[in-house]
Amino acid sequence: MTLDAAVLDWMVSLREPWLTTAVTALTHTGGGVATSLIAAATTLLLVRADRLSDAVLVAGAVLTGWPLMVLLKNLFGRVRPPEPERLLALRTESFPSGHAMTSAVLATVLVAVVVRTWPRGDRRRTAATIALAGYTLVIGLSRVYLAAHWFTDVVAGWIFGITWALLWVWLITRVRIRR
């Protein structure tokens, strides 16, 4: 049995009606619409606070992360887990997980903003970083629980998302230094 099959079997064994309802509601907070709305609101707040580099970081990483994810899905073309385990009707490819990737992009750039906002040792910085990491972790695991993705799809989504966001952090930092 592969790692993907073993993790899927374990997740299916955990299913309870109340938990499935909660996980289904939670998973939607990591989709493209929700992450775009969070990014847009954050971008507007950052512009209002005259933090233009941070606003460009959040907006740029999230807006460009979506087409990158679609490109990767089309490139790899992996099939999703089978029904009846799959609890969501989905028509796109499975690898990488878009929810894991977009939530990781958003969480990573928001951590970068948090790091620039609060000094080292500030409890708000630590709490926000833990909450954002927890957010993307829970979103990714929700996708496996619902059998929308294989576990390796989710791990790849996290890796691609974090890498994409860090490239944006590097880019924004380089542009800011050159001014």
# chains A, B, ... in the order shown; residues from 1 in each chain; ligands from 1
>>> residues_around(residues="region 97-108 of chain A", least_positions_apart="2", cutoff="6 Å", atoms="only C-alpha atoms", output="ChimeraX atom specification")
/A:30-31,95,110-111,132,136,140,153-154,157-158,161-162,165
>>> write_last_selection(atoms="all heavy atoms", output="CSV table (one decimal), in the first residue's frame")
chain,number,residue,atom,x,y,z
A,30,GLY,N,-10.0,28.0,2.4
A,30,GLY,CA,-8.7,27.9,1.8
A,30,GLY,C,-8.7,27.9,0.3
A,30,GLY,O,-7.7,27.8,-0.4
A,31,GLY,N,-9.9,28.1,-0.3
A,31,GLY,CA,-10.0,28.1,-1.7
A,31,GLY,C,-9.7,29.4,-2.4
A,31,GLY,O,-9.4,30.4,-1.7
A,95,PHE,N,-3.0,17.3,-8.8
A,95,PHE,CA,-1.6,17.6,-8.3
A,95,PHE,C,-1.2,18.9,-8.9
A,95,PHE,O,-1.2,19.0,-10.2
A,95,PHE,CB,-0.7,16.5,-8.7
A,95,PHE,CG,0.7,16.7,-8.2
A,95,PHE,CD1,1.1,16.1,-7.0
A,95,PHE,CD2,1.7,17.4,-8.9
A,95,PHE,CE1,2.4,16.3,-6.5
A,95,PHE,CE2,3.0,17.6,-8.5
A,95,PHE,CZ,3.3,17.0,-7.3
A,110,LEU,N,1.7,36.6,4.5
A,110,LEU,CA,1.2,37.3,5.7
A,110,LEU,C,2.2,37.1,6.9
A,110,LEU,O,2.4,38.1,7.6
A,110,LEU,CB,-0.1,36.7,6.1
A,110,LEU,CG,-1.3,37.1,5.1
A,110,LEU,CD1,-2.6,36.5,5.6
A,110,LEU,CD2,-1.4,38.6,4.9
A,111,VAL,N,2.9,36.0,7.0
A,111,VAL,CA,4.0,35.9,8.0
A,111,VAL,C,5.1,36.9,7.7
A,111,VAL,O,5.6,37.5,8.6
A,111,VAL,CB,4.5,34.4,8.0
A,111,VAL,CG1,5.8,34.3,8.8
A,111,VAL,CG2,3.5,33.5,8.7
A,132,LEU,N,-1.1,31.3,11.3
A,132,LEU,CA,-1.1,31.2,9.9
A,132,LEU,C,-0.5,29.8,9.4
A,132,LEU,O,-1.0,29.3,8.4
A,132,LEU,CB,-0.2,32.3,9.3
A,132,LEU,CG,-0.9,33.7,9.4
A,132,LEU,CD1,0.1,34.8,9.2
A,132,LEU,CD2,-2.1,33.8,8.4
A,136,THR,N,-2.9,26.9,7.1
A,136,THR,CA,-2.5,26.2,5.9
A,136,THR,C,-2.4,24.7,6.2
A,136,THR,O,-2.8,23.9,5.3
A,136,THR,CB,-1.3,26.8,5.2
A,136,THR,OG1,-1.3,26.3,3.9
A,136,THR,CG2,0.0,26.5,5.9
A,140,GLY,N,-4.9,22.0,4.2
A,140,GLY,CA,-4.3,20.9,3.4
A,140,GLY,C,-4.9,19.6,3.9
A,140,GLY,O,-5.3,18.7,3.1
A,153,ASP,N,-0.3,15.3,-3.0
A,153,ASP,CA,-0.8,16.5,-3.7
A,153,ASP,C,-0.7,17.7,-2.7
A,153,ASP,O,-0.4,18.8,-3.1
A,153,ASP,CB,-2.3,16.3,-4.1
A,153,ASP,CG,-2.5,15.2,-5.1
A,153,ASP,OD1,-1.6,14.8,-5.8
A,153,ASP,OD2,-3.7,14.8,-5.2
A,154,VAL,N,-1.2,17.4,-1.5
A,154,VAL,CA,-1.2,18.5,-0.5
A,154,VAL,C,0.2,18.9,-0.1
A,154,VAL,O,0.5,20.1,-0.1
A,154,VAL,CB,-2.0,18.0,0.8
A,154,VAL,CG1,-1.8,19.0,1.9
A,154,VAL,CG2,-3.4,17.8,0.4
A,157,GLY,N,1.5,21.0,-2.8
A,157,GLY,CA,0.9,22.3,-2.8
A,157,GLY,C,1.5,23.2,-1.8
A,157,GLY,O,1.8,24.4,-2.0
A,158,TRP,N,1.8,22.7,-0.6
A,158,TRP,CA,2.5,23.5,0.4
A,158,TRP,C,3.9,23.9,-0.1
A,158,TRP,O,4.3,25.0,0.1
A,158,TRP,CB,2.6,22.7,1.7
A,158,TRP,CG,1.4,22.5,2.5
A,158,TRP,CD1,0.3,23.3,2.6
A,158,TRP,CD2,1.1,21.4,3.4
A,158,TRP,NE1,-0.6,22.8,3.4
A,158,TRP,CE2,-0.2,21.6,3.9
A,158,TRP,CE3,1.7,20.2,3.7
A,158,TRP,CZ2,-0.8,20.7,4.8
A,158,TRP,CZ3,1.1,19.3,4.6
A,158,TRP,CH2,-0.1,19.6,5.1
A,161,GLY,N,3.6,26.4,-2.9
A,161,GLY,CA,3.0,27.7,-2.3
A,161,GLY,C,4.0,28.5,-1.5
A,161,GLY,O,4.2,29.7,-1.7
A,162,ILE,N,4.7,27.8,-0.6
A,162,ILE,CA,5.7,28.5,0.2
A,162,ILE,C,6.9,29.0,-0.7
A,162,ILE,O,7.3,30.1,-0.5
A,162,ILE,CB,6.2,27.5,1.3
A,162,ILE,CG1,5.1,27.3,2.3
A,162,ILE,CG2,7.5,28.1,2.0
A,162,ILE,CD1,5.4,26.1,3.3
A,165,ALA,N,5.7,32.1,-2.6
A,165,ALA,CA,5.6,33.2,-1.7
A,165,ALA,C,7.0,33.7,-1.4
A,165,ALA,O,7.2,35.0,-1.4
A,165,ALA,CB,4.8,32.9,-0.5
>>> select_by_dssp(residues="region 42-148 of chain A", states="helix (DSSP H, G or I)", output="PyMOL selection string")
chain A and resi 42-48+52-76+98-117+123-145
>>> residues_around(residues="region 21-26 of chain A", least_positions_apart="4", cutoff="12 Å", atoms="only C-alpha atoms", output="short mmCIF file (atom, residue, chain, number, x, y, z; two decimals) with N, CA, C and O atoms, in the first residue's frame")
data_model
loop_
_atom_site.label_atom_id
_atom_site.label_comp_id
_atom_site.auth_asym_id
_atom_site.auth_seq_id
_atom_site.Cartn_x
_atom_site.Cartn_y
_atom_site.Cartn_z
N MET A 11 -7.67 8.60 7.01
CA MET A 11 -8.58 9.75 7.06
C MET A 11 -10.03 9.30 6.94
O MET A 11 -10.90 9.80 7.67
N LEU A 14 -11.54 8.10 10.11
CA LEU A 14 -11.83 9.14 11.11
C LEU A 14 -13.17 9.82 10.89
O LEU A 14 -13.64 10.56 11.76
N ARG A 15 -13.78 9.60 9.76
CA ARG A 15 -14.98 10.35 9.39
C ARG A 15 -16.15 10.10 10.34
O ARG A 15 -16.48 8.96 10.66
N GLU A 16 -16.74 11.21 10.73
CA GLU A 16 -17.97 11.25 11.51
C GLU A 16 -18.83 12.32 10.86
O GLU A 16 -18.28 13.32 10.37
N PRO A 17 -20.14 12.20 10.86
CA PRO A 17 -20.97 13.20 10.19
C PRO A 17 -20.72 14.64 10.66
O PRO A 17 -20.59 15.54 9.83
N GLY A 30 -9.96 28.01 2.41
CA GLY A 30 -8.65 27.93 1.77
C GLY A 30 -8.71 27.92 0.26
O GLY A 30 -7.69 27.80 -0.40
N GLY A 31 -9.89 28.08 -0.30
CA GLY A 31 -10.04 28.09 -1.75
C GLY A 31 -9.66 29.43 -2.36
O GLY A 31 -9.36 30.39 -1.66
N ALA A 34 -11.88 32.59 -1.26
CA ALA A 34 -11.62 33.04 0.12
C ALA A 34 -10.23 33.65 0.26
O ALA A 34 -10.08 34.72 0.86
N ARG A 86 -14.23 10.12 -2.19
CA ARG A 86 -14.23 11.56 -2.48
C ARG A 86 -15.61 12.13 -2.16
O ARG A 86 -16.61 11.72 -2.72
N LEU A 87 -15.62 13.12 -1.29
CA LEU A 87 -16.88 13.71 -0.83
C LEU A 87 -17.25 14.99 -1.57
O LEU A 87 -18.29 15.56 -1.30
N LEU A 88 -16.39 15.45 -2.46
CA LEU A 88 -16.65 16.67 -3.22
C LEU A 88 -16.66 16.35 -4.71
O LEU A 88 -15.86 15.55 -5.17
N HIS A 99 -5.91 24.24 -2.94
CA HIS A 99 -6.21 24.79 -1.62
C HIS A 99 -4.94 24.86 -0.76
O HIS A 99 -4.70 25.87 -0.10
N TYR A 135 -3.29 27.40 9.97
CA TYR A 135 -4.34 27.58 8.95
C TYR A 135 -4.04 26.77 7.70
O TYR A 135 -4.86 25.98 7.24
N THR A 136 -2.85 26.92 7.15
CA THR A 136 -2.55 26.20 5.91
C THR A 136 -2.41 24.70 6.15
O THR A 136 -2.79 23.88 5.30
N LEU A 137 -1.95 24.31 7.33
CA LEU A 137 -1.87 22.89 7.67
C LEU A 137 -3.26 22.27 7.72
O LEU A 137 -3.51 21.22 7.11
N VAL A 138 -4.19 22.93 8.39
CA VAL A 138 -5.56 22.41 8.51
C VAL A 138 -6.27 22.39 7.15
O VAL A 138 -6.98 21.43 6.83
N ILE A 139 -6.05 23.43 6.34
CA ILE A 139 -6.66 23.46 5.01
C ILE A 139 -6.17 22.26 4.19
O ILE A 139 -6.96 21.55 3.57
N GLY A 140 -4.88 22.04 4.19
CA GLY A 140 -4.33 20.91 3.42
C GLY A 140 -4.86 19.57 3.90
O GLY A 140 -5.27 18.73 3.09
N LEU A 141 -4.89 19.37 5.21
CA LEU A 141 -5.38 18.10 5.74
C LEU A 141 -6.88 17.92 5.49
O LEU A 141 -7.35 16.79 5.30
N SER A 142 -7.61 19.03 5.44
CA SER A 142 -9.04 18.93 5.13
C SER A 142 -9.26 18.36 3.73
O SER A 142 -10.22 17.64 3.48
N ARG A 143 -8.36 18.69 2.82
CA ARG A 143 -8.48 18.20 1.45
C ARG A 143 -8.27 16.69 1.37
O ARG A 143 -8.91 16.00 0.57
N VAL A 144 -7.39 16.16 2.22
CA VAL A 144 -7.18 14.71 2.26
C VAL A 144 -8.36 14.04 2.94
O VAL A 144 -8.85 13.01 2.48
N TYR A 145 -8.84 14.62 4.03
CA TYR A 145 -9.99 14.07 4.76
C TYR A 145 -11.19 13.92 3.82
O TYR A 145 -11.90 12.92 3.86
N LEU A 146 -11.42 14.93 2.99
CA LEU A 146 -12.56 14.90 2.06
C LEU A 146 -12.26 14.10 0.79
O LEU A 146 -13.11 13.97 -0.08
N ALA A 147 -11.03 13.56 0.70
CA ALA A 147 -10.56 12.79 -0.46
C ALA A 147 -10.60 13.62 -1.75
O ALA A 147 -10.76 13.08 -2.84
N ALA A 148 -10.44 14.93 -1.60
CA ALA A 148 -10.32 15.79 -2.76
C ALA A 148 -8.91 15.68 -3.35
O ALA A 148 -8.71 15.96 -4.53
#
>>> residues_around(residues="Trp150 (chain A)", least_positions_apart="6", cutoff="8 Å", atoms="only C-alpha atoms", output="tab-separated table (two decimals) with N, CA and C atoms, in the first residue's frame")
chain	number	residue	atom	x	y	z
A	4	ASP	N	0.09	7.44	-0.01
A	4	ASP	CA	-1.17	8.12	-0.33
A	4	ASP	C	-2.39	7.28	0.04
A	5	ALA	N	-2.37	6.01	-0.32
A	5	ALA	CA	-3.50	5.12	-0.02
A	5	ALA	C	-3.64	4.91	1.48
A	8	LEU	N	-5.07	8.12	3.03
A	8	LEU	CA	-6.48	8.24	2.67
A	8	LEU	C	-7.34	7.26	3.48
A	80	ARG	N	-7.65	12.54	-9.28
A	80	ARG	CA	-8.02	12.66	-7.87
A	80	ARG	C	-8.32	11.29	-7.26
A	81	PRO	N	-8.39	11.23	-5.92
A	81	PRO	CA	-8.80	9.96	-5.28
A	81	PRO	C	-10.17	9.51	-5.77
A	94	SER	N	-5.58	16.84	-9.81
A	94	SER	CA	-5.34	16.71	-8.38
A	94	SER	C	-4.01	17.29	-7.90
A	144	VAL	N	-7.39	16.16	2.22
A	144	VAL	CA	-7.18	14.71	2.26
A	144	VAL	C	-8.36	14.04	2.94
>>> atom_distance(atom1="CA of Glu93 (chain A)", atom2="CA of Gly32 (chain A)")
15.1 Å
